[in-house]
Amino acid sequence: MSPRTEFIVSSLMAAAALTVAVVLLMDADRRTPGMAELASALRLLPATVLAAGFGAWSVTRWRARASAAGRQWKAGGMALRVLLAIFLLLPFAIAVWAVVATGIDQLAASRPAGFAEALAWLPVIIFYGSLAALLFGAVPLFVLEYFACRRYLRRQAVPSPDHA
């Protein structure tokens, strides 16, 4: 696996694990988490994975351009850039996923509500989804991304035939 692919996959896995963990931990004080809490975590999972994937991909492109210009990045700076890209893309990813999920619901429901009524909640969903991601996910995601960025930069600096 190339270093770029490994970095993007590790960012996707970190975002997915963090999304599920945050939703489960937010509800852990009331009762033991069950399938309903896991299902609610999976509602925002596609949006966070979409934002993390595009964010990691764009930062690897950004890093390649900086490396071609002779500038070297450190792991902490790259992790901050990844977080910036993810959190800037997250409201758009939430909006896209909410529209897609509402469209699927409209097609699958026997008596669907109006599409406009469902989309009236879109600004609220975007705001609170982005706010929850910033409040509960920024620091843990930075730590996870720091180690992913450090591994990516090391693998980019020393070409190796080893696949590990």
# chains A, B, ... in the order shown; residues from 1 in each chain; ligands from 1
call {"tool": "residues_around", "arguments": {"residues": "A:Ala118", "least_positions_apart": "6", "cutoff": "10 Å", "atoms": "only C-alpha atoms", "output": "list of chain:residue names"}}
result
A:Ala98, A:Val99, A:Thr102, A:Gly103, A:Asp105, A:Gln106, A:Pro112
call {"tool": "select_by_dssp", "arguments": {"residues": "stretch 4-163 of chain A", "states": "helix (DSSP H, G or I)", "output": "MDAnalysis selection string"}}
result
chainID A and resid 4:26 35:68 75:108 115:119 122:157
call {"tool": "closest_atom_pairs", "arguments": {"of": "stretch 109-141 of chain A", "to": "stretch 1-14 of chain A", "cutoff": "12 Å", "atoms": "only C-alpha atoms", "output": "tab-separated table"}}
result
residue	atom	partner	partner_atom	distance
A:Gly137	CA	A:Ala14	CA	10.4
A:Ala138	CA	A:Ala14	CA	11.8
A:Pro140	CA	A:Ala14	CA	9.3
A:Leu141	CA	A:Ala14	CA	7.0
call {"tool": "atom_distance", "arguments": {"atom1": "atom CA of A:Tyr146", "atom2": "atom CA of A:Leu83"}}
result
10.0 Å
call {"tool": "atom_distance", "arguments": {"atom1": "atom CA of A:Ala108", "atom2": "atom CA of A:Ala95"}}
result
19.9 Å
call {"tool": "atom_distance", "arguments": {"atom1": "atom CA of A:Phe127", "atom2": "atom CA of A:Ala39"}}
result
20.3 Å
call {"tool": "closest_residue", "arguments": {"among": "A:Leu25, A:Arg111, A:Arg81, A:Leu144", "to": "A:Trp62", "atoms": "only C-alpha atoms"}}
result
A:Arg81
call {"tool": "residues_around", "arguments": {"residues": "A:Arg154", "least_positions_apart": "5", "cutoff": "12 Å", "atoms": "only C-alpha atoms", "output": "PyMOL selection string"}}
result
chain A and resi 3-4+7+72-75+147-149+159-160
call {"tool": "closest_residue", "arguments": {"among": "A:Arg61, A:Phe92, A:Leu153, A:Ile104", "to": "A:Pro123", "atoms": "only C-alpha atoms"}}
result
A:Phe92
call {"tool": "closest_residue", "arguments": {"among": "A:Ala85, A:Ile94, A:Ala17, A:Val139", "to": "A:Val124", "atoms": "only C-alpha atoms"}}
result
A:Ile94
call {"tool": "residues_around", "arguments": {"residues": "A:Leu134", "least_positions_apart": "5", "cutoff": "12 Å", "atoms": "only C-alpha atoms", "output": "list in words"}}
result
Leu18, Thr19, Val22, Thr48, Leu83, Leu84, Ile86, Phe87, Leu88, Leu90, Pro91, Phe127, Tyr128, Gly129, Val139, Pro140, Leu141 and Phe142 of chain A
